[in-house]
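One structure is given below, encoded as structure tokens.
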Amino acid sequence: MPDIRVAVVDDHPVFRMGMAGLLGSLEGISVRGQAADAAEALVLPLDEIDVILMDLNLGDDSGIETTRELVRRDPDVRVLVVTMREDDDAVAACMRVGARGYLLKGATPDEVERAVRAVANGEVILGSAVAARAVTALTSGRSAVRVPFPDLTEREREVLDLVARGHDNVTISRRLVLSPKTVRNVVSNVLTKLAVRDRSAAIVRAREEGLGLD
């Protein structure tokens, strides 16, 4: 049986190299690539990779958007999210864009191996901690708190909220202690993700979803 070919996408080099080392030590699994950000992930040779392990926070990039674009380019690509985020909205957003699994970074080596093999085999899998939260939510009958624009990163949602409040980029950069260039880039990313033409349209969308109102 041929090896399961994997790639690791994570902006933290120690974690990325450690995960690659773990996977490369497992029988029947070979590491075919690593990426530190979206740009590097999007040039991975998808026809030579079976499973991509994807972090959600890639510096200024979004692992959710990166997953969406990878799946758009190759619907057969199998993405296993490996992240620190365990909120229900992040899980739902990842599954909506085509991820096949969701694992927390606190997972044991055995859990990582099982998840990789399951996703490579075409299964959809949630790590034990994530699955336990999902079962609790279902059995308790409570509704998950709705987060507006779950495809946005936390930083993008924070900036959009301030835009919806009428603040300009300079004011936002001061409030969030970011450079004006970073704020411009985040606003541009938000406009792209919301598929709106300009700042005014983004404000309308944001206020419809409850941002910038209180």
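Each chain in the structure tokens gets a letter, A, B, ..., in the order shown, and its residues are numbered from 1; ligands are numbered from 1 in order too.
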Exercise. Taking the backbone alone, and naming residues the way the document does, which bits of chain A are helix (DSSP H, G or I) by DSSP, as a ChimeraX atom specification?
Worked result: /A:13-24,38-41,46-48,63-73,88-96,109-120,128-140,154-164,169-176,180-194,199-208
For this session: May I have the residues within 9 Å of Gly127 (chain A) as a list in words, using only C-alpha atoms and disregarding those fewer than 4 positions away in the same chain?
Result: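 These residues fall inside the cut-off: Gly101, Tyr102, Leu103, Leu104, Ala107, Glu111, Val112, Ala115, Ala131 and Ala132 of chain A.
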Exercise. Which of these, A:Ala90, A:Val177, A:Lys105, A:Leu191, has the shortest distance to Val147 (chain A) once you count only C-alpha atoms?
Worked result: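 Ranked by minimum distance to Val147 (chain A), first place goes to A:Ala90.
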For this session: Would you mind telling me which residue in A:Met95, A:Ala202, A:Val186, A:Leu22 lies nearest to Gly59 (chain A) when using only C-alpha atoms?
Result: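 Between A:Met95, A:Ala202, A:Val186, A:Leu22, the residue approaching Gly59 (chain A) most closely is A:Val186.
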Problem set entry | Which of A:Val81, A:Leu44, A:Leu178, A:Ile203 sits closest to Leu126 (chain A) [using only C-alpha atoms] | A:Val81
Exercise. So which residues touch Gly98 (chain A) within 9 Å, counting only C-alpha atoms, skipping near sequence neighbours fewer than 3 positions away, as a VMD selection string?
Worked result: chain A and resid 67 to 68 71 to 72 75 77 to 79 93 to 95
Exercise. Using only C-alpha atoms, which of A:Pro180, A:Gly28, A:Gly63, A:Gly21 sits nearest Leu80 (chain A)?
Worked result: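 The answer is A:Gly63, which sits nearest to Leu80 (chain A).
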Exercise. Please, which residues of region 1-67 of chain A, numbered as in this document, come out strand (DSSP E) from DSSP, as a ChimeraX atom specification?
Worked result: /A:4-9,29-35,51-54,57-58,61-62
Exercise. When distances are computed from only C-alpha atoms, which of A:Asp198, A:Glu154, A:Asp168, A:Asp74 shows the smallest separation from Pro45 (chain A)?
Worked result: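 Result for the nearest residue to Pro45 (chain A): A:Asp74.
If only C-alpha atoms are the atoms counted, then among A:Asp11, A:Glu208, A:Asp87, A:Asp3 the closest residue to Glu27 (chain A) is A:Asp3.
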I'd like the neighbourhood of Ile29 (chain A) as a tab-separated table (two decimals) with N, CA and C atoms, in the first residue's frame, where a residue qualifies if any of its atoms comes within 10 Å (using only C-alpha atoms), though same-chain residues fewer than 5 positions away should be ignored.
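As written to disk, result_35.tsv reads:
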chain	number	residue	atom	x	y	z
A	2	PRO	N	0.60	2.23	-0.86
A	2	PRO	CA	1.44	3.43	-0.91
A	2	PRO	C	1.32	4.26	0.35
A	3	ASP	N	2.35	5.06	0.63
A	3	ASP	CA	2.32	5.94	1.80
A	3	ASP	C	1.21	6.98	1.68
A	4	ILE	N	0.71	7.42	2.83
A	4	ILE	CA	-0.16	8.59	2.89
A	4	ILE	C	0.75	9.81	2.82
A	5	ARG	N	0.55	10.64	1.82
A	5	ARG	CA	1.42	11.80	1.61
A	5	ARG	C	0.78	13.03	2.26
A	6	VAL	N	1.53	13.69	3.15
A	6	VAL	CA	0.96	14.79	3.92
A	6	VAL	C	1.79	16.06	3.75
A	22	LEU	N	7.05	14.21	13.58
A	22	LEU	CA	6.19	13.14	14.09
A	22	LEU	C	5.60	12.33	12.95
A	23	LEU	N	5.02	13.01	11.99
A	23	LEU	CA	4.36	12.31	10.89
A	23	LEU	C	5.36	11.51	10.07
A	24	GLY	N	6.53	12.10	9.85
A	24	GLY	CA	7.55	11.40	9.07
A	24	GLY	C	8.09	10.16	9.74
A	113	GLU	N	-2.18	10.58	14.57
A	113	GLU	CA	-2.03	9.51	13.60
A	113	GLU	C	-3.39	8.96	13.17
A	116	VAL	N	-5.16	11.51	10.85
A	116	VAL	CA	-4.57	11.57	9.50
A	116	VAL	C	-5.00	10.35	8.69
A	117	ARG	N	-4.93	9.17	9.29
A	117	ARG	CA	-5.29	7.95	8.55
A	117	ARG	C	-6.79	7.95	8.22
For this session: Pick out the residues sitting within 8 Å of Leu56 (chain A), and hand them over as a list in words; count only C-alpha atoms, and ignore anything fewer than 5 positions along from it in its own chain.
Result: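 Once the nearby chain positions are removed, what remains is Ser62, Gly63, Ile64, Val81, Val82, Thr83 and Arg85 of chain A.
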Selected residues, C-alpha atoms, written as a PDB file, in the first residue's frame, please.
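Ended up saving to result24.pdb:
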ATOM      1  CA  SER A  62      -6.783  32.835   7.581  1.00  0.00           C
ATOM      2  CA  GLY A  63      -6.580  29.064   7.587  1.00  0.00           C
ATOM      3  CA  ILE A  64     -10.300  28.968   6.824  1.00  0.00           C
ATOM      4  CA  VAL A  81      -7.481  21.377  10.714  1.00  0.00           C
ATOM      5  CA  VAL A  82      -5.064  21.343  13.677  1.00  0.00           C
ATOM      6  CA  THR A  83      -5.538  24.401  15.860  1.00  0.00           C
ATOM      7  CA  ARG A  85      -9.241  27.160  18.698  1.00  0.00           C
TER       8      ARG A  85
END
Exercise. Could you state the separation of CA of Lys193 (chain A) and CA of Glu86 (chain A) in Å, given to one decimal place?
Worked result: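 About the pair CA of Lys193 (chain A) and CA of Glu86 (chain A): they are 22.5 Å apart.
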Exercise. How many Å separate CA of Asn57 (chain A) from CA of Val163 (chain A)?
Worked result: 21.9 Å
For this session: Find the residues around region 33-37 of chain A up to 6 Å (only C-alpha atoms counted), leave out those fewer than 4 positions away in its own chain, and share them as number ranges by chain.
Result: A: 7-11, 41, 58
Written selection (N, CA, C and O atoms) as a PDB file, in the first residue's frame:
ATOM      1  N   ALA A   7       1.144  17.191   4.067  1.00  0.00           N
ATOM      2  CA  ALA A   7       1.822  18.483   4.140  1.00  0.00           C
ATOM      3  C   ALA A   7       1.339  19.182   5.404  1.00  0.00           C
ATOM      4  O   ALA A   7       0.195  18.967   5.838  1.00  0.00           O
ATOM      5  N   VAL A   8       2.187  20.010   5.988  1.00  0.00           N
ATOM      6  CA  VAL A   8       1.853  20.705   7.229  1.00  0.00           C
ATOM      7  C   VAL A   8       1.893  22.208   6.981  1.00  0.00           C
ATOM      8  O   VAL A   8       2.907  22.737   6.524  1.00  0.00           O
ATOM      9  N   VAL A   9       0.778  22.886   7.293  1.00  0.00           N
ATOM     10  CA  VAL A   9       0.682  24.340   7.118  1.00  0.00           C
ATOM     11  C   VAL A   9       0.494  24.972   8.487  1.00  0.00           C
ATOM     12  O   VAL A   9      -0.552  24.790   9.130  1.00  0.00           O
ATOM     13  N   ASP A  10       1.511  25.698   8.956  1.00  0.00           N
ATOM     14  CA  ASP A  10       1.452  26.335  10.271  1.00  0.00           C
ATOM     15  C   ASP A  10       2.495  27.437  10.312  1.00  0.00           C
ATOM     16  O   ASP A  10       3.617  27.245   9.819  1.00  0.00           O
ATOM     17  N   ASP A  11       2.143  28.596  10.874  1.00  0.00           N
ATOM     18  CA  ASP A  11       3.089  29.714  10.876  1.00  0.00           C
ATOM     19  C   ASP A  11       4.106  29.642  12.001  1.00  0.00           C
ATOM     20  O   ASP A  11       5.038  30.440  12.040  1.00  0.00           O
ATOM     21  N   ALA A  41       1.112  27.782   1.109  1.00  0.00           N
ATOM     22  CA  ALA A  41       0.165  26.665   1.059  1.00  0.00           C
ATOM     23  C   ALA A  41      -0.453  26.529  -0.322  1.00  0.00           C
ATOM     24  O   ALA A  41      -0.681  25.416  -0.808  1.00  0.00           O
ATOM     25  N   LEU A  58      -2.730  31.876  10.484  1.00  0.00           N
ATOM     26  CA  LEU A  58      -1.462  31.865   9.750  1.00  0.00           C
ATOM     27  C   LEU A  58      -0.914  33.290   9.673  1.00  0.00           C
ATOM     28  O   LEU A  58      -0.806  33.879   8.611  1.00  0.00           O
TER      29      LEU A  58
END
For this session: Quote the spacing between CA of Ser188 (chain A) and CA of Val97 (chain A) in Å to one decimal place.
Result: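 Value for the CA of Ser188 (chain A)-CA of Val97 (chain A) distance: 20.6 Å.
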